[in-house]
$ cat my_file.txt   # compact mmCIF, C-alpha atoms
# COMPACT_ATOMS: atom_id res chain seq x y z
CA MET A 133 80.84 127.45 80.38
CA LEU A 134 84.02 128.78 81.96
CA GLN A 135 85.50 131.87 80.33
CA PRO A 136 88.82 131.24 78.49
CA PHE A 137 91.93 132.33 80.35
CA ALA A 138 93.35 135.50 78.83
CA SER A 139 97.15 135.67 78.92
CA SER A 140 98.52 138.75 80.67
CA GLU A 141 101.97 140.11 81.41
CA PRO A 142 103.37 138.07 84.31
CA PHE A 143 103.60 139.81 87.68
CA THR A 144 101.73 142.94 86.73
CA ILE A 145 99.23 143.84 89.45
CA GLY A 146 95.86 145.47 89.88
CA VAL A 147 94.47 146.65 93.23
CA GLU A 148 90.83 146.92 94.27
CA LEU A 149 89.73 148.60 97.50
CA GLU A 150 86.21 148.48 98.92
CA VAL A 151 85.76 151.66 100.96
CA GLN A 152 83.20 152.93 103.43
CA VAL A 153 80.90 155.88 102.77
CA VAL A 154 79.83 157.35 106.13
CA ASN A 155 77.81 160.31 107.32
CA THR A 156 79.60 163.01 109.30
CA HIS A 157 77.19 162.96 112.27
CA ASP A 158 77.43 159.50 113.81
CA TYR A 159 79.80 157.92 111.22
CA ASN A 160 77.46 155.10 110.32
CA LEU A 161 77.28 154.01 106.69
CA THR A 162 75.19 156.32 104.56
CA LYS A 163 73.40 155.72 101.26
CA ALA A 164 75.41 158.12 99.11
CA THR A 165 77.10 155.88 96.53
CA THR A 166 74.90 156.93 93.61
CA GLU A 167 75.45 160.62 94.31
CA LEU A 168 79.20 160.14 94.68
CA LEU A 169 79.43 158.24 91.42
CA ASN A 170 77.49 160.97 89.64
CA ARG A 171 79.89 163.51 91.10
CA VAL A 172 83.08 161.76 89.88
CA ARG A 173 81.73 160.72 86.47
CA GLU A 174 83.38 163.63 84.63
CA GLU A 175 86.72 163.32 86.42
CA ARG A 176 89.78 161.92 84.64
CA PHE A 177 91.84 159.20 86.31
CA GLU A 178 93.41 155.81 85.68
CA GLY A 179 91.37 152.90 86.92
CA ALA A 180 87.74 153.03 88.03
CA ILE A 181 85.37 154.08 90.82
CA ASN A 182 82.38 151.74 90.92
CA PRO A 183 79.42 150.72 93.09
CA GLU A 184 79.88 147.67 95.32
CA THR A 185 77.17 145.49 96.97
CA THR A 186 75.24 148.16 98.93
CA GLU A 187 74.74 151.94 98.90
CA GLY A 188 77.29 152.44 101.68
CA MET A 189 80.20 150.99 99.70
CA ILE A 190 82.35 152.07 96.77
CA GLU A 191 85.14 150.20 95.02
CA LEU A 192 88.34 151.86 93.81
CA SER A 193 90.28 149.93 91.16
CA THR A 194 93.65 150.70 89.63
CA GLY A 195 94.53 149.89 86.06
CA ILE A 196 97.22 147.34 85.22
CA CYS A 197 100.29 148.37 87.22
CA LYS A 198 103.88 147.31 86.72
CA ASN A 199 105.20 148.28 90.14
CA PHE A 200 104.54 149.67 93.60
CA ASP A 201 105.01 153.30 92.67
CA GLN A 202 102.45 153.12 89.86
CA ALA A 203 99.91 151.34 92.08
CA ARG A 204 100.42 153.84 94.89
CA SER A 205 100.09 156.84 92.56
CA GLU A 206 96.90 155.54 90.94
CA LEU A 207 95.34 154.74 94.32
CA GLN A 208 96.21 158.21 95.62
CA VAL A 209 94.49 159.87 92.67
CA LEU A 210 91.42 157.65 93.06
CA ARG A 211 91.33 158.42 96.79
CA ASP A 212 91.66 162.16 96.31
CA THR A 213 88.97 162.18 93.62
CA LEU A 214 86.53 160.38 95.90
CA VAL A 215 87.41 162.52 98.93
CA ARG A 216 86.71 165.73 96.98
CA ALA A 217 83.32 164.37 95.93
CA GLY A 218 82.62 163.36 99.52
CA ASP A 219 83.51 166.83 100.78
CA PHE A 220 81.08 168.39 98.31
CA LEU A 221 78.29 166.09 99.52
CA ASN A 222 79.34 166.34 103.19
CA VAL A 223 79.98 162.61 103.57
CA GLY A 224 83.10 160.87 104.80
CA VAL A 225 85.18 158.14 103.17
CA CYS A 226 87.46 155.75 105.01
CA GLY A 227 89.21 152.39 104.98
CA GLY A 228 88.87 149.60 107.52
CA GLY A 229 87.41 146.13 107.09
CA THR A 230 84.15 146.75 108.98
CA ASN A 231 81.92 149.65 109.85
CA PHE A 232 81.35 149.60 113.60
CA PHE A 233 77.74 150.79 113.60
CA GLN A 234 76.01 149.22 110.62
CA ASN A 235 73.27 146.72 111.33
CA TRP A 236 73.07 143.97 108.75
CA TYR A 237 69.26 144.16 108.54
CA ASP A 238 69.45 147.79 107.38
CA GLN A 239 71.51 146.95 104.32
CA ARG A 240 69.88 147.11 100.90
CA SER A 241 71.11 146.10 97.45
CA ASP A 242 72.60 148.80 95.23
CA GLY A 243 70.00 147.84 92.60
CA ARG A 244 72.29 146.14 90.08
CA GLU A 245 71.01 142.89 88.61
CA ARG A 246 73.74 140.77 90.20
CA SER A 247 73.26 142.39 93.62
CA GLU A 248 69.51 141.76 93.44
CA TYR A 249 70.14 138.13 92.46
CA LEU A 250 72.57 137.55 95.34
CA MET A 251 70.29 139.28 97.83
CA GLY A 252 67.47 136.98 96.75
CA LEU A 253 69.66 133.87 96.87
CA TYR A 254 71.53 134.40 100.13
CA GLY A 255 69.16 136.65 102.07
CA ALA A 256 70.59 137.73 105.43
CA LEU A 257 73.98 136.24 104.56
CA TYR A 258 74.32 138.76 101.76
CA GLN A 259 73.10 141.63 103.96
CA GLN A 260 75.84 140.76 106.45
CA PHE A 261 78.32 140.95 103.57
CA THR A 262 78.63 144.72 103.99
CA ILE A 263 82.33 144.37 104.72
CA PHE A 264 85.32 146.00 103.11
CA GLY A 265 88.29 144.22 101.58
CA GLN A 266 91.37 144.70 99.44
CA HIS A 267 91.79 142.45 96.40
CA VAL A 268 95.06 142.11 94.51
CA HIS A 269 95.24 140.70 90.98
CA VAL A 270 98.54 139.23 89.74
CA GLY A 271 99.09 138.72 86.02
CA CYS A 272 99.88 135.21 84.75
CA ALA A 273 101.12 134.10 81.34
CA ASP A 274 98.93 130.98 81.15
CA PRO A 275 96.21 129.24 83.15
CA ASP A 276 98.33 126.37 84.46
CA SER A 277 100.90 128.73 85.97
CA ALA A 278 97.99 130.72 87.42
CA LEU A 279 96.78 127.64 89.31
CA VAL A 280 100.29 126.86 90.53
CA LEU A 281 100.62 130.44 91.77
CA LEU A 282 97.19 130.28 93.43
CA HIS A 283 98.11 127.24 95.50
CA SER A 284 101.62 128.52 96.22
CA LEU A 285 100.29 131.83 97.56
CA SER A 286 97.82 129.96 99.77
CA ARG A 287 100.75 129.12 102.07
CA TYR A 288 101.09 132.85 102.75
CA VAL A 289 97.45 133.72 103.37
CA PRO A 290 98.17 134.25 107.12
CA HIS A 291 100.73 136.92 106.14
CA PHE A 292 98.22 138.81 104.02
CA ILE A 293 95.51 138.67 106.68
CA ALA A 294 97.82 139.80 109.48
CA LEU A 295 99.38 142.66 107.51
CA ALA A 296 96.05 144.15 106.42
CA ALA A 297 93.96 143.40 109.53
CA SER A 298 91.74 146.41 110.31
CA SER A 299 88.43 145.02 111.54
CA PRO A 300 88.55 144.50 115.31
CA PHE A 301 85.11 146.04 115.96
CA VAL A 302 81.73 144.75 114.73
CA GLN A 303 78.32 146.25 115.59
CA GLY A 304 79.71 148.33 118.43
CA SER A 305 81.77 145.61 120.12
CA ASP A 306 85.40 144.55 120.23
CA THR A 307 85.47 141.03 118.77
CA GLN A 308 88.97 140.25 120.14
CA PHE A 309 89.89 139.49 116.52
CA GLN A 310 92.43 141.49 114.53
CA CYS A 311 90.45 140.63 111.38
CA ALA A 312 86.78 139.93 112.14
CA ARG A 313 85.69 140.66 108.56
CA LEU A 314 86.45 137.16 107.31
CA ASN A 315 83.99 135.72 109.83
CA SER A 316 81.27 137.14 107.58
CA VAL A 317 82.65 135.30 104.56
CA ALA A 318 82.95 131.84 106.13
CA PRO A 319 79.19 130.97 106.18
CA PHE A 320 78.86 131.17 102.40
CA PRO A 321 78.71 127.65 100.92
CA LEU A 322 81.28 128.50 98.25
CA SER A 323 83.87 130.19 100.48
CA GLY A 324 87.23 128.85 101.64
CA GLN A 325 89.94 127.60 99.31
CA ALA A 326 89.93 126.57 95.67
CA PRO A 327 90.07 122.84 94.82
CA PHE A 328 93.56 121.43 94.60
CA VAL A 329 94.06 121.13 90.85
CA THR A 330 97.01 122.53 88.92
CA LYS A 331 95.84 121.94 85.35
CA TRP A 332 93.30 124.24 83.74
CA SER A 333 91.58 121.33 82.01
CA GLU A 334 90.89 119.78 85.43
CA PHE A 335 89.66 123.12 86.73
CA GLU A 336 87.28 123.48 83.79
CA ALA A 337 85.85 120.04 84.56
CA TYR A 338 85.41 121.02 88.22
CA PHE A 339 83.63 124.23 87.25
CA GLU A 340 81.28 122.34 84.95
CA ARG A 341 80.35 119.95 87.75
CA MET A 342 79.70 122.82 90.14
CA THR A 343 77.28 124.52 87.76
CA HIS A 344 74.86 121.67 88.47
CA THR A 345 74.50 122.88 92.10
CA GLY A 346 72.48 125.86 90.94
CA LEU A 347 74.75 128.20 92.91
CA VAL A 348 77.40 128.69 90.23
CA LYS A 349 77.03 130.72 87.06
CA SER A 350 80.49 132.30 86.94
CA LEU A 351 83.71 132.27 88.94
CA LYS A 352 82.45 135.33 90.83
CA ASP A 353 80.06 132.99 92.61
CA PHE A 354 83.02 131.44 94.45
CA TYR A 355 84.02 133.43 97.53
CA TRP A 356 87.40 131.74 97.74
CA ASP A 357 90.35 133.38 99.49
CA ILE A 358 92.24 133.24 96.19
CA ARG A 359 90.55 132.58 92.86
CA PRO A 360 91.43 132.73 89.17
CA SER A 361 90.09 135.63 87.11
CA PRO A 362 90.35 134.24 83.58
CA GLY A 363 88.92 137.34 81.91
CA TYR A 364 91.85 139.38 83.24
CA GLY A 365 94.44 136.60 83.01
CA THR A 366 95.14 136.86 86.74
CA ILE A 367 94.76 135.23 90.09
CA GLU A 368 93.02 137.37 92.69
CA VAL A 369 94.03 137.43 96.38
CA ARG A 370 90.93 138.37 98.39
CA VAL A 371 91.65 137.85 102.12
CA MET A 372 92.83 141.34 103.10
CA ASP A 373 90.82 143.95 104.98
CA THR A 374 90.84 147.36 103.33
CA PRO A 375 93.78 149.19 104.95
CA LEU A 376 93.36 152.61 106.53
CA ARG A 377 95.78 154.17 104.03
CA VAL A 378 96.09 153.59 100.28
CA GLU A 379 99.88 153.70 100.62
CA TRP A 380 99.76 150.65 102.89
CA ALA A 381 97.41 148.91 100.46
CA ALA A 382 99.95 149.49 97.69
CA ALA A 383 102.77 148.13 99.88
CA ILE A 384 100.82 144.93 100.60
CA ALA A 385 100.13 144.56 96.87
CA ALA A 386 103.86 144.92 96.15
CA TYR A 387 104.61 142.24 98.77
CA ILE A 388 102.21 139.87 97.01
CA GLN A 389 103.70 140.79 93.62
CA SER A 390 107.27 140.13 94.80
CA LEU A 391 106.23 136.89 96.44
CA ALA A 392 104.50 135.76 93.24
CA ARG A 393 107.66 136.34 91.21
CA TYR A 394 109.70 134.37 93.75
CA LEU A 395 107.22 131.47 93.80
CA LEU A 396 106.92 131.08 90.02
CA THR A 397 110.57 131.82 89.21
CA ASP A 398 112.41 129.92 91.96
CA LEU A 399 109.68 127.27 92.52
CA PRO A 400 110.68 126.77 96.17
CA LEU A 401 107.56 124.82 97.23
CA ARG A 402 106.42 121.24 96.76
CA LEU A 403 102.68 121.60 96.42
CA THR A 404 100.38 118.84 97.62
CA GLU A 405 96.78 118.63 98.74
CA ARG A 406 98.06 118.16 102.28
CA ASP A 407 98.98 121.86 102.32
CA TYR A 408 95.34 122.51 103.12
CA GLU A 409 95.24 120.30 106.22
CA VAL A 410 96.53 123.18 108.35
CA TYR A 411 95.15 125.94 106.14
CA ARG A 412 92.04 126.80 108.15
CA ALA A 413 93.92 126.71 111.45
CA ASN A 414 96.60 129.05 110.10
CA ARG A 415 93.94 131.35 108.70
CA PHE A 416 92.12 131.46 112.03
CA MET A 417 95.31 132.29 113.94
CA ALA A 418 95.99 135.23 111.62
CA CYS A 419 92.43 136.54 111.95
CA ARG A 420 92.38 136.16 115.72
CA PHE A 421 95.89 137.24 116.70
CA GLY A 422 97.35 139.01 113.65
CA LEU A 423 101.14 139.18 113.62
CA ASP A 424 101.24 137.50 117.03
CA GLY A 425 99.49 134.40 115.70
CA VAL A 426 101.35 131.17 115.03
CA CYS A 427 101.30 129.33 111.71
CA VAL A 428 102.26 125.75 110.87
CA ASN A 429 104.39 124.85 107.86
CA PRO A 430 102.44 122.05 106.11
CA GLU A 431 105.63 120.34 104.89
CA THR A 432 107.73 120.38 108.06
CA LEU A 433 104.91 120.87 110.61
CA ASN A 434 107.14 123.43 112.34
CA ARG A 435 105.28 126.20 114.18
CA ARG A 436 106.48 129.79 113.92
CA PRO A 437 105.00 133.19 114.79
CA ILE A 438 103.50 134.84 111.72
CA ARG A 439 105.68 137.87 112.43
CA GLU A 440 108.86 135.77 112.13
CA ASP A 441 107.56 133.98 109.04
CA ILE A 442 107.01 137.30 107.27
CA LEU A 443 110.49 138.54 108.16
CA ALA A 444 112.05 135.34 106.81
CA THR A 445 109.97 135.66 103.64
CA LEU A 446 111.09 139.26 103.15
CA ASP A 447 114.69 138.04 103.10
CA ALA A 448 113.89 135.28 100.60
CA ILE A 449 112.04 137.52 98.14
CA ALA A 450 114.36 140.55 98.38
CA PRO A 451 116.03 139.99 94.95
CA HIS A 452 112.63 139.72 93.30
CA ALA A 453 111.38 142.84 95.08
CA HIS A 454 114.42 144.72 93.82
CA ALA A 455 113.78 143.54 90.25
CA LEU A 456 110.20 144.85 90.55
CA ALA A 457 111.25 148.19 92.10
CA ALA A 458 109.44 147.23 95.31
CA ASP A 459 112.26 147.89 97.81
CA GLU A 460 110.45 150.85 99.38
CA ALA A 461 107.29 148.82 99.83
CA LEU A 462 109.07 145.89 101.47
CA ASP A 463 110.96 148.27 103.76
CA ALA A 464 107.57 149.55 104.94
CA ILE A 465 106.39 145.96 105.48
CA ARG A 466 109.50 145.19 107.54
CA ARG A 467 109.08 148.30 109.72
CA THR A 468 105.46 147.49 110.47
CA VAL A 469 106.18 143.84 111.26
CA THR A 470 109.14 144.77 113.47
CA GLN A 471 107.40 147.63 115.30
CA GLY A 472 104.06 145.86 115.46
CA MET A 473 101.63 148.76 114.97
CA THR A 474 99.09 147.33 112.53
CA ASP A 475 95.86 149.07 111.56
CA ALA A 476 93.85 146.92 113.98
CA MET A 477 96.15 147.89 116.83
CA TRP A 478 95.94 151.56 115.87
CA LEU A 479 92.13 151.43 115.89
CA ARG A 480 92.14 149.92 119.38
CA ARG A 481 94.62 152.54 120.56
CA ILE A 482 92.41 155.38 119.35
CA TYR A 483 89.39 153.77 121.01
CA GLY A 484 91.34 153.39 124.25
CA ALA A 485 92.28 157.07 124.18
CA HIS A 486 88.76 158.39 123.49
CA ASP A 487 86.35 155.63 124.59
CA SER A 488 84.29 156.46 121.50
CA LEU A 489 83.87 154.43 118.33
CA HIS A 490 82.43 157.52 116.65
CA GLU A 491 85.76 159.26 117.28
CA VAL A 492 87.62 156.23 115.92
CA VAL A 493 85.77 156.44 112.58
CA ARG A 494 86.26 160.20 112.45
CA GLN A 495 89.99 159.59 112.79
CA GLN A 496 89.80 156.86 110.13
CA CYS A 497 88.41 159.45 107.72
CA ARG A 498 91.27 161.83 108.54
CA VAL A 499 93.89 159.11 108.04
CA TRP A 500 92.29 158.02 104.77
CA ARG A 501 92.69 161.50 103.32
CA GLY A 502 96.36 161.69 104.33
CA ALA A 503 96.63 162.76 107.97
CA GLN A 504 99.65 161.12 109.58
CA THR A 505 98.76 161.38 113.27
CA PRO A 506 95.59 161.54 115.37
CA GLU A 507 94.34 164.93 116.48

$ encode --input "my_file.txt" --output "structure tokens"
Amino acid sequence: MLQPFASSEPFTIGVELEVQVVNTHDYNLTKATTELLNRVREERFEGAINPETTEGMIELSTGICKNFDQARSELQVLRDTLVRAGDFLNVGVCGGGTNFFQNWYDQRSDGRERSEYLMGLYGALYQQFTIFGQHVHVGCADPDSALVLLHSLSRYVPHFIALAASSPFVQGSDTQFQCARLNSVAPFPLSGQAPFVTKWSEFEAYFERMTHTGLVKSLKDFYWDIRPSPGYGTIEVRVMDTPLRVEWAAAIAAYIQSLARYLLTDLPLRLTERDYEVYRANRFMACRFGLDGVCVNPETLNRRPIREDILATLDAIAPHAHALAADEALDAIRRTVTQGMTDAMWLRRIYGAHDSLHEVVRQQCRVWRGAQTPE
């Protein structure tokens, strides 16, 4: 049975970051999660540091945040706590949507019951799921408005992918994608987009039907780009790569928060099931080309570069960003979109300068801990 939807304060946010734990010799993933968690157990901080999927991953989660500054501050404390533990154990921590050296067949479950279940169910698919994403929760007052927000935000999925893209390399090769991470999500049978329903009663009926497939026990079994999280009273945006800096992760979260307020307050969209006719094409363009991709408006069928679409959206949501104290975050978004240096582009630039993926990951670890420029 589907968990009841818990009301939460509208437009509050929570941020989750899946981060890489690497050795300091060849910068491949290393099995140090358990030791790191033991090391941080006595530390005091808002949010949580938890295991995630395999022993080379850790998840950082903020508490419930009202604004950009709170989310940024909590993420910085979580980052610094984990970095100190990593220094003690001589392991590195970094962002980025993929590790460049990990082989899927080397990945093992972290031992939790759910991880063991998923490993048994999906086999190699789950082993290839050693990828690293940012998830943003947005608070909703009631379940029906949560579903409206979910489908409204789906129009902007190309923005979120392009802004956070940081996974151009997979298993030692340049994929030519800005975000290759989502290619590992697509094969799952329950990935993609949520069904087009805007009433919670209809969603409950859909969930009940899906339990008969044998693949669904809870909403966590759906690997949708955006999904409801009824236990938190939120919708959860899940398409972003983990950025190289927590400050950029917080800025993207504030963009989503401001956009959510605009969409539910001004109600500028006419939602229909036809919105999803161009959804997969738009999503692909963002993954492949990032800000230089082109997206199609499902209402007008007009084509526009994702970069231009983001800049127009920034203008539209500016009053809502100001009300949420997100002006600084949206200024950072505008600079990045205008100047064009995304994380994926930065990673390729470092590789071009050094011709070494090992050096790229070493620099990722430096940037994660606060370095502003490459050595």

$ closest_residue --input "my_file.txt" --among "A:Trp356, A:Arg211, A:Pro290, A:Glu191" --to "Arg436 of chain A" --atoms "all atoms listed in the file"
A:Pro290

$ closest_residue --input "my_file.txt" --among "A:Arg480, A:His283, A:Arg216, A:Arg176" --to "Ile367 of chain A" --atoms "all atoms listed in the file"
A:His283

$ atom_distance --input "my_file.txt" --atom1 "atom CA of Leu443 of chain A" --atom2 "atom CA of Phe421 of chain A"
17.0 Å

$ atom_distance --input "my_file.txt" --atom1 "atom CA of Asp219 of chain A" --atom2 "atom CA of Ala385 of chain A"
28.1 Å

$ closest_residue --input "my_file.txt" --among "A:Asn315, A:Ser298, A:Thr156, A:Gln504" --to "Trp478 of chain A" --atoms "all atoms listed in the file"
A:Ser298

$ residues_around --input "my_file.txt" --residues "segment 325-341 of chain A" --least-positions-apart "2" --cutoff "6 Å" --atoms "all atoms listed in the file" --output "JSON, numbers by chain"
{"A": [275, 276, 279, 280, 343, 344, 356, 357, 405]}

$ atom_distance --input "my_file.txt" --atom1 "atom CA of Ile465 of chain A" --atom2 "atom CA of Arg481 of chain A"
20.2 Å

$ residues_around --input "my_file.txt" --residues "Gly195 of chain A" --least-positions-apart "3" --cutoff "10 Å" --atoms "all atoms listed in the file" --output "ChimeraX atom specification"
/A:145-148,177-180,198,202-203,206-207

$ residues_near_point --input "my_file.txt" --point "(98.3, 140.7, 106.7)" --cutoff "9 Å" --atoms "only C-alpha atoms" --output "PyMOL selection string"
chain A and resi 289-297+371-373+384+418-419+422-423+474

$ residues_around --input "my_file.txt" --residues "Leu395 of chain A" --least-positions-apart "4" --cutoff "10 Å" --atoms "all atoms listed in the file" --output "number ranges by chain"
A: 280-281, 284-285, 389-391, 399-401, 449, 452

$ residues_near_point --input "my_file.txt" --point "(95.9, 156.0, 103.3)" --cutoff "12 Å" --atoms "only C-alpha atoms" --output "PyMOL selection string"
chain A and resi 149+151+204-205+207-212+215+225-228+374-383+475+495-505

$ closest_residue --input "my_file.txt" --among "A:Tyr249, A:Asp201, A:Glu174, A:Phe233" --to "Asp459 of chain A" --atoms "all atoms listed in the file"
A:Asp201

$ decode --input "my_file.txt" --residues "segment 472-500 of chain A" --atoms "N, CA and C atoms" --output "compact mmCIF listing (two decimals), in the first residue's frame"
# COMPACT_ATOMS: atom_id res chain seq x y z
N GLY A 472 29.43 29.75 -20.17
CA GLY A 472 29.46 28.44 -20.79
C GLY A 472 30.39 27.42 -20.20
N MET A 473 31.07 27.69 -19.10
CA MET A 473 32.01 26.73 -18.53
C MET A 473 31.30 25.85 -17.49
N THR A 474 30.69 24.77 -17.96
CA THR A 474 30.05 23.82 -17.07
C THR A 474 31.08 22.85 -16.51
N ASP A 475 30.66 22.03 -15.57
CA ASP A 475 31.58 21.05 -14.99
C ASP A 475 32.10 20.08 -16.04
N ALA A 476 31.24 19.63 -16.95
CA ALA A 476 31.68 18.70 -17.99
C ALA A 476 32.75 19.34 -18.87
N MET A 477 32.58 20.59 -19.20
CA MET A 477 33.56 21.29 -20.02
C MET A 477 34.87 21.47 -19.26
N TRP A 478 34.78 21.75 -17.97
CA TRP A 478 35.98 21.89 -17.15
C TRP A 478 36.76 20.58 -17.09
N LEU A 479 36.06 19.47 -16.92
CA LEU A 479 36.72 18.17 -16.87
C LEU A 479 37.45 17.88 -18.18
N ARG A 480 36.83 18.19 -19.29
CA ARG A 480 37.49 17.98 -20.59
C ARG A 480 38.69 18.92 -20.75
N ARG A 481 38.58 20.13 -20.23
CA ARG A 481 39.70 21.06 -20.33
C ARG A 481 40.90 20.56 -19.54
N ILE A 482 40.66 20.05 -18.34
CA ILE A 482 41.76 19.52 -17.53
C ILE A 482 42.38 18.30 -18.21
N TYR A 483 41.54 17.45 -18.79
CA TYR A 483 42.08 16.29 -19.50
C TYR A 483 42.91 16.73 -20.71
N GLY A 484 42.44 17.73 -21.43
CA GLY A 484 43.19 18.24 -22.57
C GLY A 484 44.54 18.81 -22.18
N ALA A 485 44.61 19.40 -20.99
CA ALA A 485 45.87 20.01 -20.54
C ALA A 485 46.87 18.97 -20.06
N HIS A 486 46.40 17.84 -19.53
CA HIS A 486 47.30 16.86 -18.90
C HIS A 486 47.32 15.50 -19.57
N ASP A 487 46.34 15.23 -20.44
CA ASP A 487 46.25 13.93 -21.11
C ASP A 487 46.28 12.79 -20.10
N SER A 488 45.61 12.99 -18.97
CA SER A 488 45.60 11.98 -17.90
C SER A 488 44.29 12.07 -17.13
N LEU A 489 43.50 10.99 -17.18
CA LEU A 489 42.28 10.96 -16.39
C LEU A 489 42.58 10.86 -14.91
N HIS A 490 43.71 10.26 -14.56
CA HIS A 490 44.10 10.21 -13.15
C HIS A 490 44.29 11.63 -12.61
N GLU A 491 44.93 12.49 -13.41
CA GLU A 491 45.11 13.87 -13.00
C GLU A 491 43.77 14.60 -12.92
N VAL A 492 42.86 14.28 -13.80
CA VAL A 492 41.53 14.91 -13.76
C VAL A 492 40.86 14.62 -12.43
N VAL A 493 40.87 13.36 -11.98
CA VAL A 493 40.21 13.02 -10.72
C VAL A 493 40.95 13.63 -9.54
N ARG A 494 42.27 13.69 -9.63
CA ARG A 494 43.02 14.36 -8.56
C ARG A 494 42.57 15.81 -8.43
N GLN A 495 42.39 16.48 -9.57
CA GLN A 495 41.92 17.86 -9.54
C GLN A 495 40.47 17.94 -9.05
N GLN A 496 39.65 16.95 -9.38
CA GLN A 496 38.28 16.92 -8.86
C GLN A 496 38.29 16.90 -7.34
N CYS A 497 39.19 16.13 -6.75
CA CYS A 497 39.27 16.06 -5.29
C CYS A 497 39.68 17.40 -4.70
N ARG A 498 40.58 18.12 -5.38
CA ARG A 498 41.01 19.44 -4.91
C ARG A 498 39.84 20.42 -4.98
N VAL A 499 39.12 20.41 -6.10
CA VAL A 499 38.00 21.32 -6.28
C VAL A 499 36.91 21.03 -5.26
N TRP A 500 36.67 19.74 -5.00
CA TRP A 500 35.62 19.37 -4.05
C TRP A 500 35.89 19.97 -2.68
